[in-house]
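Just below is one structure, and these are the notes that go with it.
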Amino acid sequence: MSDTCSIARPPVTVFCGFLGAGKTTLLTHLLTQAAGRKWAVVVNDVASLNIDVSLVRGSEGGDGAGSEGRKIIDLGNGCVCCSSRDELGEALAELAATGDYEHILVETTGVAEPRGVAALFTQKNPFGRSLSDFARLSALVSVIDAAHFLREWRAYQERGHREFPAPGGTRPVFELMLEQAECADVLVLNKCDLAPETELAELEGVLRGLNERAEIVRAEQGRVDEGFLLGRRRFDAQETLKAATWLRTLNRLAPAGGAAGVAGVVINARKAATTNAVPEHERKFGIRTVIYQARRPFVEEKLRAFLVNEAEGLLRAKGFFWTRERPDEMGFLSVAGGVARMDYLNYWWAALVGSGKVRMDERPEAIQAVWAEPQGDRRQELVFIGTGLEEGKITAALEACLA
Ligand SMILES: Nc1nc2c(ncn2[C@@H]2O[C@H](COP(=O)(O)OP(=O)(O)OP(=O)(O)O)[C@@H](O)[C@H]2O)c(=O)[nH]1
């Protein structure tokens, strides 16, 4: 790739959103407002037949190459946040190098994770380069199919119990939909014509509960004003990537649990992580955040049974856990509506110290801050977000799961 230092870095707005949410419709609508503007559009599709490109080009009324100073690039087969990342890099570098474009719009595949796309801009590759050498990420926009989102959320409520997908299977659709809402600067609530006002208001409350920072805009047929969407930079590596309520909540937890050092439940207080003001989404729609912290291991089967049958109204749960059965491994919990996943992806530092693999003085500061003898960093730290969650009930049920 050429030397990029002298090249102006054009802003890039990235459109994510689940399959069929209306990304292409939104993009084609934006292009109708592009008279006299110098935009380039990069379209990425998982299917080998790139239908979206033809649709976007169709909206241009030509072959899309250079009409009114605009250019449309087809990234072809593969997803930008995984297999096609280099192609996106090359496309952006090439577009930036021309100096011709004032804004670049990227439509990702429906299965792209916004966090993964943002990482292309924020993290350097082994050669010390990132997409931000060529362009500036202006905003992550997630397009949400209002009706589909509500259907997915209700499907589990009607089923009345939660499921665990088979290990190694495909990722639950709803989990991806939640992640696309959690890591975004703007949420476009599309297909509002298909849902009544009461449901739209409920959905806005749910989305606020997941991501308080994002701006929410309603749309039909992707009709959003280009000035609103593209007019200012919203992406902030710190703020956007940490916008998810569960992550903000975990990050805000003081290392008080570490200081206590006693067996059993240390604290269960949303007051520890939030201000006294009750957020609007909680007041209006009953979306609540409950934190659970403890310094004793769970019995895995009990935790699993809790997740299957209890915590009615639970929309999202994330965090890490410690079990009696696998005491050395750090467990990660992810609940998205009716699907729960419990994975062990890492070791506790206490286990590594105990086995002599690392020394006490090698523990990072963050781990030292939560360290408490005799458990070390082993602990429960879980965030639950949902409608009508009763903190006392959740706490009592989880305490009953402890060994
Ligand atoms: N009723 C209704 N249909 C819409 C709306 N927006 C888009 N659609 C339709 O929804 C379907 C999917 O829209 P697309 O814009 O292709 O969605 P996408 O997110 O680009 O889809 P993928 O590329 O498959 O991920 C199309 O048939 C659109 O015409 C809307 O606001 N209301």
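Chain identifiers are assigned as A, B, and so on, following the order in which chains appear in the structure tokens; residues are numbered from 1 within each chain, and ligands are numbered from 1 in order of appearance.
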
Quick one: everything within 12 Å of Ser130 (chain A), counting only C-alpha atoms, minus sequence neighbours fewer than 3 positions away in the same chain. Send it as a compact mmCIF listing (two decimals) with C-alpha atoms, in the first residue's frame.
# COMPACT_ATOMS: atom_id res chain seq x y z
CA MET A 1 0.00 0.00 0.00
CA THR A 4 -0.64 7.42 3.37
CA ARG A 85 -10.97 -7.12 5.91
CA ASP A 86 -7.95 -6.66 3.64
CA LEU A 88 -11.97 -3.22 2.65
CA GLY A 89 -8.59 -1.79 3.60
CA GLU A 90 -7.46 -1.77 0.00
CA LEU A 92 -10.56 2.54 1.37
CA ALA A 93 -6.89 3.21 0.68
CA VAL A 117 -15.59 -3.53 11.85
CA ALA A 118 -14.58 -0.76 14.28
CA ALA A 119 -11.53 -2.79 15.29
CA LEU A 120 -10.26 -2.51 11.72
CA PHE A 121 -9.93 1.22 12.38
CA THR A 122 -8.79 1.12 15.99
CA GLN A 123 -6.36 -1.81 16.05
CA LYS A 124 -3.12 -2.01 14.17
CA ASN A 125 -2.20 -5.12 12.19
CA PRO A 126 1.20 -6.85 12.60
CA PHE A 127 2.67 -4.34 10.12
CA ASP A 133 -4.25 5.33 8.20
CA PHE A 134 -6.53 5.88 5.20
CA ALA A 135 -9.85 7.07 6.55
CA ARG A 136 -11.62 8.26 9.72
CA LEU A 137 -14.47 6.23 11.12

### Task
Name the residues in contact with Thr13 (chain A) at a cut-off of 12 Å, using only C-alpha atoms, excluding same-chain residues fewer than 4 positions from it; report them as an NGL selection string.
:A and (27 or 30 or 39-42 or 92 or 102-108 or 114 or 117-118 or 121 or 135-142 or 184-186 or 226 or 229-235)

Give me a file of those residues, with N, CA and C atoms, as a compact mmCIF listing (two decimals), in the first residue's frame.
# COMPACT_ATOMS: atom_id res chain seq x y z
N LEU A 27 -29.38 2.98 2.18
CA LEU A 27 -28.28 3.48 1.36
C LEU A 27 -28.81 4.06 0.05
N LEU A 30 -30.27 7.34 0.76
CA LEU A 30 -29.25 8.38 0.96
C LEU A 30 -28.74 8.87 -0.39
N TRP A 39 -19.46 11.21 -2.98
CA TRP A 39 -19.49 10.07 -2.07
C TRP A 39 -19.01 8.82 -2.80
N ALA A 40 -18.42 7.94 -2.03
CA ALA A 40 -18.12 6.61 -2.55
C ALA A 40 -18.85 5.61 -1.66
N VAL A 41 -19.32 4.54 -2.25
CA VAL A 41 -20.06 3.53 -1.50
C VAL A 41 -19.35 2.20 -1.65
N VAL A 42 -19.11 1.54 -0.54
CA VAL A 42 -18.50 0.21 -0.59
C VAL A 42 -19.54 -0.77 -0.07
N LEU A 92 -10.59 1.22 0.73
CA LEU A 92 -10.56 2.54 1.37
C LEU A 92 -9.28 3.29 1.02
N GLU A 102 -15.61 13.04 -0.52
CA GLU A 102 -15.77 13.75 0.76
C GLU A 102 -16.34 12.84 1.84
N HIS A 103 -16.94 11.73 1.46
CA HIS A 103 -17.48 10.79 2.45
C HIS A 103 -17.53 9.39 1.81
N ILE A 104 -17.23 8.38 2.61
CA ILE A 104 -17.33 7.00 2.12
C ILE A 104 -18.35 6.27 2.97
N LEU A 105 -19.28 5.60 2.31
CA LEU A 105 -20.33 4.85 3.00
C LEU A 105 -20.05 3.37 2.82
N VAL A 106 -20.07 2.62 3.90
CA VAL A 106 -19.80 1.18 3.80
C VAL A 106 -21.02 0.41 4.28
N GLU A 107 -21.57 -0.42 3.42
CA GLU A 107 -22.65 -1.32 3.87
C GLU A 107 -22.04 -2.68 4.13
N THR A 108 -22.15 -3.15 5.35
CA THR A 108 -21.56 -4.45 5.69
C THR A 108 -22.59 -5.56 5.45
N PRO A 114 -20.42 -5.02 14.46
CA PRO A 114 -19.90 -3.66 14.43
C PRO A 114 -18.57 -3.53 15.16
N VAL A 117 -15.85 -4.52 12.91
CA VAL A 117 -15.59 -3.53 11.85
C VAL A 117 -14.83 -2.34 12.46
N ALA A 118 -15.26 -1.90 13.64
CA ALA A 118 -14.58 -0.76 14.28
C ALA A 118 -13.12 -1.11 14.58
N PHE A 121 -10.40 -0.16 12.33
CA PHE A 121 -9.93 1.22 12.38
C PHE A 121 -9.10 1.49 13.64
N ALA A 135 -8.54 6.43 6.43
CA ALA A 135 -9.85 7.07 6.55
C ALA A 135 -10.22 7.17 8.02
N ARG A 136 -11.18 8.08 8.33
CA ARG A 136 -11.62 8.26 9.72
C ARG A 136 -12.99 7.64 9.88
N LEU A 137 -13.14 6.81 10.89
CA LEU A 137 -14.47 6.23 11.12
C LEU A 137 -15.35 7.33 11.70
N SER A 138 -16.41 7.68 10.98
CA SER A 138 -17.27 8.79 11.40
C SER A 138 -18.40 8.31 12.31
N ALA A 139 -19.01 7.20 11.93
CA ALA A 139 -20.09 6.66 12.78
C ALA A 139 -20.37 5.21 12.44
N LEU A 140 -20.75 4.47 13.46
CA LEU A 140 -21.27 3.11 13.25
C LEU A 140 -22.79 3.24 13.34
N VAL A 141 -23.46 2.91 12.25
CA VAL A 141 -24.92 3.01 12.21
C VAL A 141 -25.50 1.60 12.14
N SER A 142 -26.37 1.26 13.07
CA SER A 142 -27.02 -0.06 13.00
C SER A 142 -28.46 0.13 12.58
N ALA A 184 -23.01 0.81 18.65
CA ALA A 184 -23.41 1.68 17.55
C ALA A 184 -23.51 3.11 18.05
N ASP A 185 -23.31 4.05 17.11
CA ASP A 185 -23.49 5.47 17.45
C ASP A 185 -24.90 5.91 17.13
N VAL A 186 -25.47 5.31 16.07
CA VAL A 186 -26.85 5.64 15.69
C VAL A 186 -27.61 4.34 15.47
N GLU A 226 -29.87 12.74 5.17
CA GLU A 226 -28.42 12.53 5.05
C GLU A 226 -27.63 13.48 5.97
N LEU A 229 -27.49 11.91 9.37
CA LEU A 229 -26.65 10.71 9.48
C LEU A 229 -25.17 10.99 9.24
N LEU A 230 -24.90 11.80 8.24
CA LEU A 230 -23.50 11.97 7.83
C LEU A 230 -22.90 13.29 8.27
N GLY A 231 -23.74 14.15 8.81
CA GLY A 231 -23.32 15.54 9.07
C GLY A 231 -22.29 15.73 10.16
N ARG A 232 -22.19 14.79 11.09
CA ARG A 232 -21.16 15.01 12.12
C ARG A 232 -20.57 13.69 12.59
N ARG A 233 -19.37 13.83 13.13
CA ARG A 233 -18.66 12.61 13.57
C ARG A 233 -19.18 12.21 14.95
N ARG A 234 -19.56 10.96 15.08
CA ARG A 234 -20.06 10.46 16.37
C ARG A 234 -19.18 9.37 16.96
N PHE A 235 -18.42 8.68 16.11
CA PHE A 235 -17.63 7.56 16.62
C PHE A 235 -16.54 8.05 17.56

### Task
Give the alpha helix (DSSP H) residues of region 27-254 of chain A, as DSSP finds them on the backbone, and put them as a PyMOL selection string.
chain A and resi 27-32+51-60+85-98+114-122+146-159+173-182+197-210+226-230+237-241+245-252

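Considering only C-alpha atoms and all ligand atoms, the residue among A:Arg218, A:Arg213, A:Arg37, A:Arg154 positioned nearest to ligand 1 is A:Arg218.
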
Per residue of chain A within 6 Å of ligand 1, note the shortest atom pair and the distance in Å to one decimal, counting only C-alpha atoms and all ligand atoms, and order the rows by chain and increasing residue number, as a Markdown table.
| residue | atom | partner | partner_atom_place_in_ligand_line | distance |
| --- | --- | --- | --- | --- |
| A:Phe18 | CA | ligand 1 | 25 (O) | 5.7 |
| A:Leu19 | CA | ligand 1 | 25 (O) | 3.3 |
| A:Gly20 | CA | ligand 1 | 21 (O) | 3.3 |
| A:Ala21 | CA | ligand 1 | 19 (O) | 3.9 |
| A:Gly22 | CA | ligand 1 | 15 (O) | 3.2 |
| A:Lys23 | CA | ligand 1 | 19 (O) | 3.8 |
| A:Thr24 | CA | ligand 1 | 20 (O) | 3.7 |
| A:Thr25 | CA | ligand 1 | 15 (O) | 3.6 |
| A:Asp52 | CA | ligand 1 | 23 (O) | 5.9 |
| A:Thr109 | CA | ligand 1 | 25 (O) | 5.6 |
| A:Gly110 | CA | ligand 1 | 25 (O) | 4.0 |
| A:Asn190 | CA | ligand 1 | 31 (O) | 5.0 |
| A:Lys191 | CA | ligand 1 | 31 (O) | 3.1 |
| A:Cys192 | CA | ligand 1 | 31 (O) | 5.9 |
| A:Asp193 | CA | ligand 1 | 32 (N) | 5.7 |
| A:Leu194 | CA | ligand 1 | 1 (N) | 5.9 |
| A:Glu220 | CA | ligand 1 | 31 (O) | 3.5 |
| A:Gln221 | CA | ligand 1 | 31 (O) | 3.3 |
| A:Gly222 | CA | ligand 1 | 6 (N) | 5.4 |

### In region 117-330 of chain A, DSSP strand (DSSP E or B) residues written as a ChimeraX atom specification
/A:136-145,163,186-190,211,215-218,244,265-267,287-294,298,314-321,323,329-330

Counting only C-alpha atoms, give me one row per residue of region 328-355 of chain A with an atom at most 9 Å from an atom of region 309-323 of chain A, showing the shortest contact pair and its distance in Å to one decimal, sorted by chain then residue number, as a Markdown table.
| residue | atom | partner | partner_atom | distance |
| --- | --- | --- | --- | --- |
| A:Asp328 | CA | A:Trp322 | CA | 8.2 |
| A:Glu329 | CA | A:Trp322 | CA | 7.3 |
| A:Met330 | CA | A:Trp322 | CA | 6.0 |
| A:Gly331 | CA | A:Phe321 | CA | 4.8 |
| A:Phe332 | CA | A:Phe320 | CA | 4.4 |
| A:Leu333 | CA | A:Lys318 | CA | 5.3 |
| A:Ser334 | CA | A:Lys318 | CA | 4.7 |
| A:Val335 | CA | A:Ala317 | CA | 4.7 |
| A:Ala336 | CA | A:Arg316 | CA | 4.9 |
| A:Gly337 | CA | A:Leu315 | CA | 4.6 |
| A:Gly338 | CA | A:Leu315 | CA | 8.0 |
| A:Ala340 | CA | A:Ala317 | CA | 8.5 |
| A:Trp348 | CA | A:Trp322 | CA | 9.0 |

### Task
Check the smallest atom-to-atom distance from each of A:Ala294, A:Val217, A:Ala97, A:Ala400 to Ala372 (chain A) using only C-alpha atoms, then report the winner.
A:Ala294

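With CA of Ala155 (chain A) on one side and CA of Phe174 (chain A) on the other, the separation reads 10.5 Å.
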
### Summary
Using only C-alpha atoms, the shortest atom-to-atom distance to Asn251 (chain A) among A:Val143, A:Leu210, A:Ala112, A:Ile291 belongs to A:Ile291

### Query
In Å to one decimal, how far is CA of Pro196 (chain A) from CA of Pro172 (chain A)?
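Here the two named atoms are 26.3 Å from each other.
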
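In this model, the gap between CA of Gln380 (chain A) and CA of Arg252 (chain A) comes to 15.3 Å.
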
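Proximity to Phe298 (chain A) was assessed for A:Asn44, A:Ala243, A:Leu402, A:Gly36 counting only C-alpha atoms; the smallest distance is recorded for A:Leu402.
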
#### Entry: Contacts of Arg326 (chain A) at 12 Å (only C-alpha atoms; same-chain gap of 6+ positions) as a list in words
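These residues fall inside the cut-off: Pro297, Phe298, Val299, Glu300, Glu301, Asp343, Tyr344, Leu345, Asn346, Tyr347, Trp348, Ala351 and Arg378 of chain A.
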
Just write the chosen residues, N, CA and C atoms, as a PDB file, in the first residue's frame.
ATOM      1  N   PRO A 297     -18.003 -20.071  44.472  1.00  0.00           N
ATOM      2  CA  PRO A 297     -18.310 -20.646  43.159  1.00  0.00           C
ATOM      3  C   PRO A 297     -19.761 -21.081  43.034  1.00  0.00           C
ATOM      4  N   PHE A 298     -20.236 -21.097  41.799  1.00  0.00           N
ATOM      5  CA  PHE A 298     -21.550 -21.667  41.510  1.00  0.00           C
ATOM      6  C   PHE A 298     -21.419 -23.174  41.339  1.00  0.00           C
ATOM      7  N   VAL A 299     -22.541 -23.861  41.574  1.00  0.00           N
ATOM      8  CA  VAL A 299     -22.655 -25.247  41.115  1.00  0.00           C
ATOM      9  C   VAL A 299     -23.171 -25.118  39.685  1.00  0.00           C
ATOM     10  N   GLU A 300     -22.399 -25.621  38.719  1.00  0.00           N
ATOM     11  CA  GLU A 300     -22.703 -25.336  37.317  1.00  0.00           C
ATOM     12  C   GLU A 300     -24.126 -25.717  36.927  1.00  0.00           C
ATOM     13  N   GLU A 301     -24.539 -26.909  37.364  1.00  0.00           N
ATOM     14  CA  GLU A 301     -25.882 -27.364  36.994  1.00  0.00           C
ATOM     15  C   GLU A 301     -26.971 -26.449  37.525  1.00  0.00           C
ATOM     16  N   ASP A 343     -19.527 -20.235  28.411  1.00  0.00           N
ATOM     17  CA  ASP A 343     -18.274 -20.699  27.810  1.00  0.00           C
ATOM     18  C   ASP A 343     -17.131 -20.515  28.799  1.00  0.00           C
ATOM     19  N   TYR A 344     -16.129 -21.350  28.648  1.00  0.00           N
ATOM     20  CA  TYR A 344     -14.895 -21.186  29.437  1.00  0.00           C
ATOM     21  C   TYR A 344     -13.788 -20.879  28.438  1.00  0.00           C
ATOM     22  N   LEU A 345     -13.306 -19.647  28.448  1.00  0.00           N
ATOM     23  CA  LEU A 345     -12.365 -19.253  27.397  1.00  0.00           C
ATOM     24  C   LEU A 345     -10.993 -18.879  27.945  1.00  0.00           C
ATOM     25  N   ASN A 346     -10.888 -18.842  29.262  1.00  0.00           N
ATOM     26  CA  ASN A 346      -9.685 -18.291  29.848  1.00  0.00           C
ATOM     27  C   ASN A 346      -9.409 -18.919  31.206  1.00  0.00           C
ATOM     28  N   TYR A 347      -8.237 -18.631  31.766  1.00  0.00           N
ATOM     29  CA  TYR A 347      -7.938 -19.097  33.134  1.00  0.00           C
ATOM     30  C   TYR A 347      -7.939 -17.915  34.086  1.00  0.00           C
ATOM     31  N   TRP A 348      -8.348 -18.167  35.309  1.00  0.00           N
ATOM     32  CA  TRP A 348      -8.228 -17.135  36.336  1.00  0.00           C
ATOM     33  C   TRP A 348      -6.749 -16.925  36.618  1.00  0.00           C
ATOM     34  N   ALA A 351      -5.432 -19.166  39.284  1.00  0.00           N
ATOM     35  CA  ALA A 351      -5.052 -20.530  38.886  1.00  0.00           C
ATOM     36  C   ALA A 351      -3.645 -20.518  38.290  1.00  0.00           C
ATOM     37  N   ARG A 378     -10.836 -15.016  41.403  1.00  0.00           N
ATOM     38  CA  ARG A 378     -12.022 -15.837  41.112  1.00  0.00           C
ATOM     39  C   ARG A 378     -13.252 -15.158  41.730  1.00  0.00           C
TER      40      ARG A 378
END
